[in-house]
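Asks: Dropping in work22.txt, with compact mmCIF, C-alpha atoms and all ligand atoms.
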```txt
# COMPACT_ATOMS: atom_id res chain seq x y z
CA MET E 1 -52.44 329.86 223.37
CA ILE E 2 -54.61 327.09 221.95
CA PHE E 3 -52.34 324.68 220.09
CA GLU E 4 -53.27 322.57 217.08
CA ASN E 5 -51.85 319.21 216.13
CA ASN E 6 -51.04 319.82 212.47
CA ILE E 7 -48.03 320.88 210.46
CA ASP E 8 -49.57 324.08 209.10
CA PHE E 9 -50.05 325.30 212.64
CA ALA E 10 -46.42 324.47 213.52
CA ARG E 11 -45.24 326.33 210.42
CA ARG E 12 -47.36 329.35 211.33
CA LEU E 13 -45.67 329.51 214.73
CA ASP E 14 -42.28 329.33 213.01
CA ALA E 15 -43.22 332.13 210.64
CA GLN E 16 -44.13 334.34 213.62
CA ASP E 17 -40.98 333.46 215.58
CA THR E 18 -38.80 336.57 216.00
CA LEU E 19 -35.75 334.35 216.70
CA LYS E 20 -36.20 332.12 213.64
CA ASP E 21 -33.12 333.43 211.79
CA PHE E 22 -30.75 332.23 214.51
CA ARG E 23 -31.12 328.66 213.25
CA ASN E 24 -29.11 329.68 210.17
CA GLN E 25 -26.17 330.47 212.40
CA PHE E 26 -25.75 326.76 213.29
CA TYR E 27 -24.79 323.59 211.46
CA ILE E 28 -27.62 321.06 211.76
CA PRO E 29 -26.10 317.54 211.53
CA PRO E 30 -27.43 315.55 208.58
CA VAL E 31 -28.82 312.02 208.89
CA ASN E 32 -29.40 309.97 205.73
CA GLY E 33 -28.74 313.04 203.61
CA LYS E 34 -31.38 315.19 205.35
CA GLU E 35 -31.20 317.64 208.25
CA SER E 36 -31.77 315.69 211.44
CA ILE E 37 -34.31 316.68 214.07
CA TYR E 38 -31.76 317.59 216.70
CA LEU E 39 -33.30 317.60 220.18
CA CYS E 40 -30.12 316.96 222.12
CA GLY E 41 -28.83 320.46 222.90
CA ASN E 42 -29.03 319.51 226.59
CA SER E 43 -26.20 317.07 225.95
CA LEU E 44 -24.10 318.73 223.26
CA GLY E 45 -25.16 322.00 221.68
CA LEU E 46 -24.67 322.46 217.94
CA GLN E 47 -21.76 324.20 216.26
CA PRO E 48 -22.17 327.92 215.55
CA LYS E 49 -20.96 328.68 212.02
CA THR E 50 -18.77 331.42 213.53
CA ALA E 51 -16.89 328.98 215.79
CA ARG E 52 -14.37 327.80 213.22
CA GLN E 53 -13.41 331.29 212.18
CA ALA E 54 -12.95 332.33 215.81
CA ALA E 55 -10.55 329.43 216.34
CA GLU E 56 -8.90 330.13 212.97
CA GLN E 57 -8.03 333.64 214.13
CA GLU E 58 -6.08 332.19 217.05
CA PHE E 59 -4.35 329.68 214.74
CA LEU E 60 -3.27 332.59 212.55
CA ASP E 61 -1.98 334.63 215.47
CA TRP E 62 -0.07 331.65 216.80
CA GLN E 63 1.31 330.98 213.31
CA ASN E 64 2.36 334.59 212.74
CA LEU E 65 3.28 335.78 216.20
CA GLY E 66 4.30 332.79 218.28
CA VAL E 67 4.66 333.80 221.90
CA GLU E 68 3.99 337.43 221.02
CA GLY E 69 0.34 336.44 220.61
CA HIS E 70 0.03 336.79 224.36
CA PHE E 71 0.53 340.54 224.02
CA HIS E 72 0.02 341.44 220.37
CA GLY E 73 -2.51 338.94 219.08
CA THR E 74 -5.78 340.16 217.59
CA ASN E 75 -7.26 339.22 220.96
CA PRO E 76 -4.17 339.22 223.19
CA TRP E 77 -4.19 335.85 224.96
CA LEU E 78 -3.04 337.31 228.25
CA HIS E 79 -6.44 338.84 228.92
CA TYR E 80 -8.63 336.30 227.18
CA HIS E 81 -10.93 335.43 230.07
CA GLU E 82 -11.82 339.13 230.37
CA TYR E 83 -13.35 339.15 226.87
CA LEU E 84 -15.96 336.64 228.06
CA GLU E 85 -16.88 338.09 231.44
CA GLU E 86 -19.60 340.51 230.55
CA LYS E 87 -21.60 338.31 228.20
CA GLU E 88 -21.14 335.28 230.44
CA ALA E 89 -22.41 337.34 233.38
CA ARG E 90 -25.54 338.28 231.43
CA VAL E 91 -26.37 334.63 230.80
CA VAL E 92 -26.33 333.76 234.51
CA GLY E 93 -27.48 337.05 236.05
CA ALA E 94 -24.20 338.05 237.66
CA GLN E 95 -21.89 341.05 237.89
CA PRO E 96 -19.04 340.64 235.38
CA ALA E 97 -16.42 340.35 238.15
CA GLU E 98 -18.38 337.50 239.74
CA VAL E 99 -17.81 335.13 236.81
CA VAL E 100 -14.77 333.54 235.28
CA VAL E 101 -14.39 331.04 232.46
CA MET E 102 -11.77 328.37 233.12
CA ASN E 103 -11.09 324.62 233.31
CA ASN E 104 -13.99 322.17 233.10
CA LEU E 105 -17.08 321.81 235.19
CA THR E 106 -16.04 319.09 237.63
CA THR E 107 -12.66 320.75 238.20
CA ASN E 108 -14.41 324.01 239.02
CA LEU E 109 -16.81 322.22 241.34
CA HIS E 110 -13.86 320.84 243.29
CA LEU E 111 -12.26 324.31 243.46
CA MET E 112 -15.51 325.75 244.81
CA LEU E 113 -15.87 322.93 247.36
CA VAL E 114 -12.37 323.67 248.60
CA SER E 115 -13.54 327.20 249.33
CA PHE E 116 -17.10 326.57 250.47
CA TYR E 117 -17.04 323.19 252.18
CA GLN E 118 -15.09 323.66 255.39
CA PRO E 119 -16.62 321.14 257.79
CA ASN E 120 -16.03 321.35 261.54
CA THR E 121 -17.31 319.20 264.39
CA GLU E 122 -20.65 321.00 264.51
CA ARG E 123 -21.26 321.80 260.85
CA TYR E 124 -20.27 319.11 258.39
CA LYS E 125 -23.40 318.05 256.47
CA ILE E 126 -24.11 318.62 252.79
CA ILE E 127 -27.64 318.49 251.39
CA THR E 128 -27.89 317.42 247.77
CA GLU E 129 -30.42 315.80 245.45
CA ALA E 130 -30.58 312.00 245.28
CA GLY E 131 -29.74 310.98 241.74
CA ALA E 132 -27.55 314.03 241.12
CA PHE E 133 -25.34 313.77 238.05
CA PRO E 134 -22.67 311.14 238.88
CA SER E 135 -19.74 313.54 238.60
CA ASP E 136 -21.34 315.77 241.26
CA GLN E 137 -21.90 312.77 243.52
CA TYR E 138 -18.28 311.68 243.14
CA ALA E 139 -17.03 315.21 243.78
CA LEU E 140 -19.07 315.54 246.97
CA GLU E 141 -18.15 312.07 248.26
CA SER E 142 -14.46 312.53 247.61
CA GLN E 143 -14.43 315.98 249.25
CA VAL E 144 -16.15 314.55 252.32
CA ARG E 145 -13.59 311.73 252.54
CA PHE E 146 -10.78 314.22 251.96
CA HIS E 147 -11.88 315.92 255.19
CA GLY E 148 -11.80 312.56 257.01
CA LEU E 149 -15.59 312.19 257.15
CA TYR E 150 -17.99 309.52 255.93
CA PRO E 151 -20.29 310.25 252.97
CA ASP E 152 -23.08 308.13 254.51
CA VAL E 153 -23.13 310.43 257.52
CA ALA E 154 -22.25 313.76 255.96
CA ILE E 155 -24.30 313.70 252.75
CA ILE E 156 -28.06 314.08 253.08
CA GLU E 157 -29.95 313.21 249.90
CA LEU E 158 -33.27 314.75 248.96
CA THR E 159 -35.63 312.15 247.49
CA PRO E 160 -39.06 312.56 245.91
CA ARG E 161 -42.05 311.34 247.92
CA PRO E 162 -43.11 307.75 247.18
CA GLY E 163 -44.87 307.57 243.83
CA GLU E 164 -43.54 310.99 242.74
CA HIS E 165 -40.73 311.73 240.31
CA THR E 166 -39.65 315.21 241.35
CA LEU E 167 -38.93 317.09 244.55
CA ARG E 168 -41.35 319.43 246.29
CA THR E 169 -39.84 322.79 247.24
CA ASP E 170 -41.45 322.61 250.68
CA ASP E 171 -39.75 319.29 251.34
CA ILE E 172 -36.38 320.72 250.29
CA LEU E 173 -36.78 323.73 252.56
CA GLN E 174 -37.92 321.57 255.46
CA THR E 175 -34.93 319.26 255.12
CA ILE E 176 -32.63 322.27 255.16
CA GLN E 177 -34.30 323.49 258.34
CA GLU E 178 -34.17 320.08 260.02
CA HIS E 179 -30.43 319.75 259.57
CA GLY E 180 -29.83 323.49 260.17
CA PRO E 181 -27.29 323.51 263.01
CA GLU E 182 -25.23 320.72 261.39
CA LEU E 183 -25.47 321.97 257.86
CA ALA E 184 -22.31 323.24 256.14
CA LEU E 185 -23.48 323.33 252.54
CA VAL E 186 -26.45 322.94 250.22
CA MET E 187 -25.17 321.94 246.80
CA MET E 188 -27.41 320.65 244.02
CA GLY E 189 -28.26 321.08 240.37
CA GLY E 190 -30.16 324.17 239.30
CA ILE E 191 -31.98 321.77 237.00
CA ASN E 192 -31.92 318.03 237.55
CA TYR E 193 -30.37 316.49 234.42
CA TYR E 194 -32.65 313.43 234.48
CA THR E 195 -36.09 314.83 235.27
CA GLY E 196 -35.55 318.33 233.89
CA GLN E 197 -36.95 319.81 237.11
CA VAL E 198 -35.88 323.41 237.84
CA PHE E 199 -35.33 324.00 241.53
CA ASP E 200 -36.37 327.20 243.28
CA MET E 201 -32.84 328.50 243.67
CA ALA E 202 -33.91 331.76 245.34
CA ALA E 203 -35.88 329.99 248.07
CA ILE E 204 -33.25 327.29 248.57
CA THR E 205 -30.50 329.89 248.88
CA LYS E 206 -32.50 331.87 251.42
CA ALA E 207 -33.27 328.79 253.49
CA GLY E 208 -29.64 327.63 253.36
CA HIS E 209 -28.41 331.00 254.55
CA GLU E 210 -30.98 331.11 257.34
CA ALA E 211 -29.63 327.76 258.48
CA GLY E 212 -26.11 329.21 258.46
CA ALA E 213 -24.84 327.22 255.47
CA TYR E 214 -23.35 328.09 252.10
CA VAL E 215 -25.38 327.38 248.97
CA GLY E 216 -24.03 326.46 245.54
CA PHE E 217 -25.52 325.14 242.30
CA ASP E 218 -24.37 323.09 239.35
CA LEU E 219 -25.91 324.91 236.41
CA ALA E 220 -24.84 322.49 233.65
CA HIS E 221 -28.47 322.21 232.52
CA ALA E 222 -29.51 325.72 233.47
CA ALA E 223 -26.96 328.06 231.87
CA GLY E 224 -28.31 329.23 228.52
CA ASN E 225 -31.64 327.50 229.20
CA ILE E 226 -33.53 329.40 231.89
CA LEU E 227 -33.35 332.89 233.39
CA LEU E 228 -30.88 333.02 236.26
CA HIS E 229 -30.28 335.79 238.80
CA LEU E 230 -27.32 334.46 240.74
CA HIS E 231 -26.25 337.82 242.11
CA GLU E 232 -29.71 338.89 243.22
CA TRP E 233 -30.48 335.46 244.72
CA GLU E 234 -27.21 335.75 246.69
CA VAL E 235 -26.08 332.30 245.64
CA ASP E 236 -22.60 331.75 247.11
CA PHE E 237 -21.10 329.89 244.14
CA ALA E 238 -22.10 328.15 240.94
CA VAL E 239 -20.43 326.16 238.17
CA TRP E 240 -21.52 325.20 234.66
CA CYS E 241 -20.20 323.73 231.44
CA THR E 242 -20.52 325.52 228.10
CA TYR E 243 -20.95 322.59 225.72
CA LYS E 244 -24.64 321.93 226.46
CA TYR E 245 -27.05 324.82 225.91
CA LEU E 246 -24.14 327.22 225.43
CA ASN E 247 -23.01 325.50 222.22
CA SER E 248 -19.27 325.90 222.81
CA GLY E 249 -17.96 322.53 221.70
CA PRO E 250 -17.21 319.13 223.25
CA GLY E 251 -15.27 319.42 226.49
CA GLY E 252 -15.19 323.22 226.15
CA VAL E 253 -14.25 325.60 228.94
CA ALA E 254 -16.54 325.97 231.94
CA GLY E 255 -17.94 328.85 233.97
CA THR E 256 -17.68 329.66 237.66
CA PHE E 257 -19.58 332.20 239.73
CA VAL E 258 -18.44 333.47 243.12
CA HIS E 259 -20.72 336.04 244.72
CA GLU E 260 -19.00 339.38 245.26
CA LYS E 261 -19.48 339.11 249.00
CA HIS E 262 -16.93 336.27 248.94
CA SER E 263 -14.89 336.90 245.85
CA ASN E 264 -12.73 339.59 247.41
CA ASN E 265 -12.28 337.80 250.69
CA PRO E 266 -8.63 336.64 250.78
CA LYS E 267 -9.35 334.65 253.96
CA LEU E 268 -11.60 332.19 252.16
CA PRO E 269 -9.55 329.02 251.67
CA ARG E 270 -8.71 328.29 248.08
CA PHE E 271 -6.32 326.36 245.91
CA ALA E 272 -4.21 328.91 244.10
CA GLY E 273 -2.30 329.16 240.83
CA TRP E 274 -0.36 331.86 239.07
CA TRP E 275 -3.20 332.89 236.75
CA GLY E 276 -5.29 333.91 239.76
CA HIS E 277 -2.50 336.08 241.10
CA ASN E 278 -2.65 339.86 240.91
CA LYS E 279 -2.14 340.56 237.21
CA GLU E 280 0.17 343.53 237.68
CA GLU E 281 2.68 341.39 239.55
CA ARG E 282 2.16 338.03 237.89
CA PHE E 283 5.35 338.08 235.87
CA GLN E 284 7.52 339.19 238.74
CA MET E 285 7.43 335.50 239.68
CA ARG E 286 7.59 336.26 243.39
CA LYS E 287 6.56 334.19 246.39
CA GLY E 288 3.30 334.97 248.17
CA PHE E 289 -0.09 334.55 246.47
CA LYS E 290 -2.18 337.71 246.14
CA PRO E 291 -5.49 336.90 244.47
CA MET E 292 -6.96 339.00 241.71
CA ALA E 293 -10.25 340.66 242.56
CA GLY E 294 -13.41 338.70 241.82
CA ALA E 295 -13.93 335.17 240.58
CA ALA E 296 -10.86 335.57 238.35
CA GLY E 297 -8.77 335.03 241.48
CA TRP E 298 -9.70 331.32 241.36
CA GLN E 299 -7.92 330.77 238.03
CA LEU E 300 -5.04 328.34 238.16
CA SER E 301 -3.42 328.16 234.75
CA ASN E 302 -3.09 330.33 231.70
CA GLY E 303 -6.31 330.14 229.75
CA SER E 304 -7.24 327.55 227.10
CA ILE E 305 -7.43 329.92 224.17
CA PHE E 306 -9.01 327.67 221.53
CA PRO E 307 -12.07 326.58 223.51
CA MET E 308 -12.40 330.12 224.86
CA ALA E 309 -12.39 331.49 221.30
CA ILE E 310 -15.24 329.15 220.40
CA HIS E 311 -17.11 330.08 223.54
CA LYS E 312 -16.68 333.77 222.75
CA ALA E 313 -18.27 333.25 219.33
CA SER E 314 -21.17 331.46 220.98
CA LEU E 315 -21.66 334.13 223.64
CA ASP E 316 -21.98 336.73 220.88
CA ILE E 317 -25.02 334.82 219.62
CA PHE E 318 -26.55 334.76 223.11
CA ALA E 319 -25.92 338.48 223.50
CA ALA E 320 -27.70 339.13 220.20
CA ALA E 321 -30.66 336.87 220.97
CA THR E 322 -30.87 337.78 224.70
CA MET E 323 -31.91 335.33 227.40
CA PRO E 324 -35.38 336.85 228.05
CA ALA E 325 -36.35 336.45 224.37
CA LEU E 326 -34.90 332.93 224.26
CA ARG E 327 -36.79 331.96 227.39
CA ARG E 328 -40.07 333.33 225.97
CA LYS E 329 -39.72 331.21 222.85
CA SER E 330 -38.53 328.24 224.85
CA GLU E 331 -41.62 328.24 227.05
CA GLN E 332 -43.85 328.15 224.00
CA LEU E 333 -41.76 325.57 222.13
CA THR E 334 -41.73 323.18 225.09
CA ALA E 335 -45.41 323.78 225.82
CA TYR E 336 -46.14 322.77 222.21
CA LEU E 337 -44.05 319.63 222.66
CA GLU E 338 -45.96 318.85 225.86
CA TYR E 339 -49.30 319.33 224.14
CA LEU E 340 -48.34 316.98 221.29
CA ILE E 341 -46.95 314.29 223.61
CA ASN E 342 -50.04 314.39 225.80
CA ASP E 343 -52.11 313.96 222.67
CA ILE E 344 -50.24 310.71 221.91
CA GLY E 345 -50.20 309.63 225.55
CA VAL E 346 -53.97 309.74 225.73
CA SER E 347 -54.33 307.29 222.85
CA GLU E 348 -51.42 305.01 223.71
CA ASP E 349 -51.28 305.06 227.52
CA ASN E 350 -47.57 304.33 227.28
CA LEU E 351 -46.09 307.77 227.83
CA GLU E 352 -45.62 309.82 230.93
CA ILE E 353 -43.89 313.18 231.18
CA ILE E 354 -41.99 313.26 234.46
CA THR E 355 -40.82 316.87 234.08
CA PRO E 356 -43.09 319.24 236.02
CA ALA E 357 -45.91 320.88 234.05
CA ASP E 358 -45.35 324.14 235.98
CA LEU E 359 -43.37 326.53 233.73
CA ALA E 360 -41.38 327.84 236.70
CA GLN E 361 -40.17 324.30 237.35
CA ARG E 362 -38.88 323.40 233.91
CA GLY E 363 -36.62 324.62 231.16
CA CYS E 364 -36.76 323.37 227.59
CA GLN E 365 -36.26 319.67 228.37
CA LEU E 366 -39.09 317.19 228.85
CA SER E 367 -38.21 313.73 230.15
CA LEU E 368 -40.50 311.02 228.86
CA LEU E 369 -41.01 307.81 230.70
CA VAL E 370 -41.86 305.13 228.16
CA HIS E 371 -43.57 302.35 230.07
CA GLN E 372 -43.26 299.63 227.43
CA ASN E 373 -40.54 298.96 224.85
CA GLY E 374 -38.74 302.22 225.63
CA ARG E 375 -35.48 301.18 224.03
CA SER E 376 -37.12 300.05 220.81
CA VAL E 377 -39.12 303.30 220.60
CA PHE E 378 -35.88 305.21 221.04
CA ASP E 379 -34.12 303.15 218.35
CA LYS E 380 -36.94 303.80 215.88
CA LEU E 381 -36.72 307.52 216.55
CA THR E 382 -32.99 307.38 215.89
CA GLN E 383 -33.45 305.50 212.63
CA ALA E 384 -35.96 308.10 211.50
CA GLY E 385 -33.37 310.88 211.92
CA VAL E 386 -34.21 312.19 215.39
CA ILE E 387 -31.20 312.83 217.60
CA LEU E 388 -31.99 312.76 221.31
CA ASP E 389 -30.83 310.84 224.33
CA TRP E 390 -31.73 307.77 226.23
CA ARG E 391 -31.27 307.30 229.97
CA GLU E 392 -31.60 303.92 231.63
CA PRO E 393 -33.96 302.37 232.52
CA ASN E 394 -36.66 303.94 230.36
CA VAL E 395 -36.36 307.69 229.92
CA ILE E 396 -36.06 309.66 226.70
CA ARG E 397 -34.96 313.25 227.21
CA VAL E 398 -36.24 315.68 224.59
CA ALA E 399 -34.82 319.18 224.56
CA PRO E 400 -35.96 321.63 221.87
CA THR E 401 -33.71 324.66 222.19
CA PRO E 402 -34.97 328.08 221.15
CA LEU E 403 -31.83 329.08 219.21
CA TYR E 404 -32.00 326.43 216.52
CA ASN E 405 -35.09 324.27 216.96
CA THR E 406 -38.37 324.99 215.22
CA PHE E 407 -42.00 324.26 215.97
CA GLU E 408 -41.90 322.07 212.88
CA ASP E 409 -39.05 320.04 214.45
CA VAL E 410 -41.25 319.47 217.47
CA PHE E 411 -44.25 318.54 215.35
CA CYS E 412 -42.27 316.07 213.21
CA PHE E 413 -40.69 314.53 216.31
CA ALA E 414 -44.14 313.93 217.81
CA GLU E 415 -45.38 312.32 214.59
CA ILE E 416 -42.40 309.93 214.52
CA LEU E 417 -42.88 309.21 218.22
CA ARG E 418 -46.53 308.33 217.62
CA GLU E 419 -45.55 305.92 214.83
CA SER E 420 -42.70 304.42 216.88
CA ILE E 421 -45.00 303.68 219.79
CA ALA E 422 -47.75 302.28 217.61
CA GLY E 423 -45.26 299.58 216.59
C1 LIG E 501 -23.00 317.50 232.04
C2 LIG E 501 -22.87 317.55 233.50
C3 LIG E 501 -21.61 317.38 234.11
C4 LIG E 501 -20.38 317.06 233.30
O1 LIG E 501 -19.21 317.41 233.95
P1 LIG E 501 -17.86 317.70 233.13
O2 LIG E 501 -16.89 318.04 234.19
O3 LIG E 501 -18.16 318.82 232.18
O4 LIG E 501 -17.51 316.47 232.37
C5 LIG E 501 -21.55 317.50 235.50
N1 LIG E 501 -22.65 317.76 236.24
C6 LIG E 501 -23.87 317.92 235.66
C7 LIG E 501 -25.07 318.21 236.51
C8 LIG E 501 -24.02 317.79 234.28
O5 LIG E 501 -25.22 317.90 233.72
```
Mind turning the file's structure into structure tokens?
Replies:
Amino acid sequence: MIFENNIDFARRLDAQDTLKDFRNQFYIPPVNGKESIYLCGNSLGLQPKTARQAAEQEFLDWQNLGVEGHFHGTNPWLHYHEYLEEKEARVVGAQPAEVVVMNNLTTNLHLMLVSFYQPNTERYKIITEAGAFPSDQYALESQVRFHGLYPDVAIIELTPRPGEHTLRTDDILQTIQEHGPELALVMMGGINYYTGQVFDMAAITKAGHEAGAYVGFDLAHAAGNILLHLHEWEVDFAVWCTYKYLNSGPGGVAGTFVHEKHSNNPKLPRFAGWWGHNKEERFQMRKGFKPMAGAAGWQLSNGSIFPMAIHKASLDIFAAATMPALRRKSEQLTAYLEYLINDIGVSEDNLEIITPADLAQRGCQLSLLVHQNGRSVFDKLTQAGVILDWREPNVIRVAPTPLYNTFEDVFCFAEILRESIAG
């Protein structure tokens, strides 16, 4: 499509957008009495209007039924995670039994590392991306130390080539091959949170398996953003949060995927809790852990009903919109953003997009390197009612999401950016 840099064109694209009505299902935060231009769904997704009512239902059941809500609530609490399985699975391309919603992201990452990082004298290395999200770095380092090893020796970091901002797939695959016989695990983001680069998860998984290692991904920035096929790619495990693109509220529950080839293997080491125990026998309170089938067998505690209720409301929206349709709009929305930014960049020479231009290597986020006065540009954007995020030393991440952002949002953002850079 040939884009045009004017508001009528942006409005025409909005008028043609088959997903345009979904915006009305969200609260858009106001700034200075007007709707903000919210481009921060990669950090905290907006509130679905149905979220409060979903939580309210659970308040009512608790109020009216007390403990009986576990069995006789509108949505009996005992089985709550099961209500989310199917729609969650659709978002990440999994079989329903391969996913479970529980805990928070970093907790789930640790649980997965307990199962999938079992170093021995030959195989003990982990390959990950340099500059991974700090929580992932801390999780990997502390797991390595927990096994009595040294992070400097056991953790191999993938770095971009000099002068480049993102990783080349060939370099990733070659590093996996090089460390093959010593490699225990490849664990990295599906999308790097800083650059917005999407990694070739299918190729990385295949290479990891050929080397004899397990492969897992942190999908915090991928779930609800790009098309995922975790089952088909044979990814061993994955974890994600639901408060970013999945719009399920600050600190909401998180997702975990365990491929079916592992999820019914009782020999795989795991940390166990009563909620992962065979449901039929759970209340017999007996000794001897027998895991439930599937990813559900990794649950520890009885589910967090309120955040799960909110997440359920959000998943209903995803099921109605469908990931393929969201991705189609997202590609166009982000391509329009790219076109407008490049238009400014040419005249100002101060902007560089470090996210790959290749559609297969990016989701909705573009990361802008602002060479001069980045912080002041960001502050001006904020004052003008644009909500986005700033990452030291000079990156602005811009993430138009297809559920509630419009082409007009993107156009207005670019206009304000142009003015902010001009001074
Ligand atoms: C957002 C994010 C996290 C946050 O972890 P929590 O446990 O949810 O606080 C972790 N890893 C990545 C890659 C993220 O983007």
Asks: Using all atoms listed in the file, what are the residues with an atom within 7 Å of ligand LIG 501 (chain E), set out as a PyMOL selection string?
Replies: chain E and resi 43+104-107+132-133+135-136+189+192-193+218-221+241+251
Asks: Show me, as an NGL selection string, the residues that have an atom within 7 Å of region 335-346 of chain E when counting all atoms listed in the file, minus same-chain residues fewer than 2 positions from it.
Replies: :E and (3 or 5 or 331-333 or 348-351 or 410 or 414 or 418)
Asks: Select, counting all atoms listed in the file, all protein, DNA and RNA residues no farther than 9 Å from (-23.6, 320.0, 223.2) in file coordinates, and express the selection as a PyMOL selection string.
Replies: chain E and resi 40-47+242-251
Asks: Please dump the current selection as a short mmCIF file (atom, residue, chain, number, x, y, z; two decimals), keeping the file's coordinate frame; keep C-alpha atoms.
Replies:
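Done, and the output landed in out_20.cif:
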```cif
data_model
loop_
_atom_site.label_atom_id
_atom_site.label_comp_id
_atom_site.auth_asym_id
_atom_site.auth_seq_id
_atom_site.Cartn_x
_atom_site.Cartn_y
_atom_site.Cartn_z
CA CYS E 40 -30.12 316.96 222.12
CA GLY E 41 -28.83 320.46 222.90
CA ASN E 42 -29.03 319.51 226.59
CA SER E 43 -26.20 317.07 225.95
CA LEU E 44 -24.10 318.73 223.26
CA GLY E 45 -25.16 322.00 221.68
CA LEU E 46 -24.67 322.46 217.94
CA GLN E 47 -21.76 324.20 216.26
CA THR E 242 -20.52 325.52 228.10
CA TYR E 243 -20.95 322.59 225.72
CA LYS E 244 -24.64 321.93 226.46
CA TYR E 245 -27.05 324.82 225.91
CA LEU E 246 -24.14 327.22 225.43
CA ASN E 247 -23.01 325.50 222.22
CA SER E 248 -19.27 325.90 222.81
CA GLY E 249 -17.96 322.53 221.70
CA PRO E 250 -17.21 319.13 223.25
CA GLY E 251 -15.27 319.42 226.49
#
```
Asks: With only C-alpha atoms as the counted atoms, please give the residues lying no more than 8 Å from Phe407 (chain E), apart from itself and same-chain residues fewer than 2 positions off, as a list of chain:residue names.
Replies: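 Non-adjacent residues within range: E:Ala10, E:Arg11, E:Leu13, E:Asp14, E:Leu333, E:Tyr336, E:Asn405, E:Asp409, E:Val410, E:Phe411.
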Asks: Only C-alpha atoms, please: the residues just picked out, written as a tab-separated table (two decimals), in the frame of the given file.
Replies:
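Below is the file that was written, selection18.tsv:
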```
chain	number	residue	atom	x	y	z
E	10	ALA	CA	-46.42	324.47	213.52
E	11	ARG	CA	-45.24	326.33	210.42
E	13	LEU	CA	-45.67	329.51	214.73
E	14	ASP	CA	-42.28	329.33	213.01
E	333	LEU	CA	-41.76	325.57	222.13
E	336	TYR	CA	-46.14	322.77	222.21
E	405	ASN	CA	-35.09	324.27	216.96
E	409	ASP	CA	-39.05	320.04	214.45
E	410	VAL	CA	-41.25	319.47	217.47
E	411	PHE	CA	-44.25	318.54	215.35
```
Asks: What is the CA of Arg362 (chain E)-CA of Ile191 (chain E) distance in Å, reported with one decimal?
Replies: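 CA of Ile191 (chain E) lies 7.7 Å from CA of Arg362 (chain E).
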Asks: Axis-aligned box over every listed atom of region 188-203 of chain E, padded by 5 Å per side: centre and edges in Å to one decimal, as lines of an AutoDock Vina configuration file?
Replies:
```
center_x = -32.2
center_y = 322.6
center_z = 241.0
size_x = 19.5
size_y = 28.3
size_z = 24.2
```
Asks: Mind pulling up the distance from CA of Gln177 (chain E) to CA of Val215 (chain E)?
Replies: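 Atom-to-atom, CA of Val215 (chain E) to CA of Gln177 (chain E), that is 13.5 Å.
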Asks: Determine the nearest neighbour of Phe289 (chain E) from the options E:His277, E:Leu60, E:Thr406, E:Leu149, counting all atoms listed in the file.
Replies: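 Under the stated criterion, the closest residue is E:His277.
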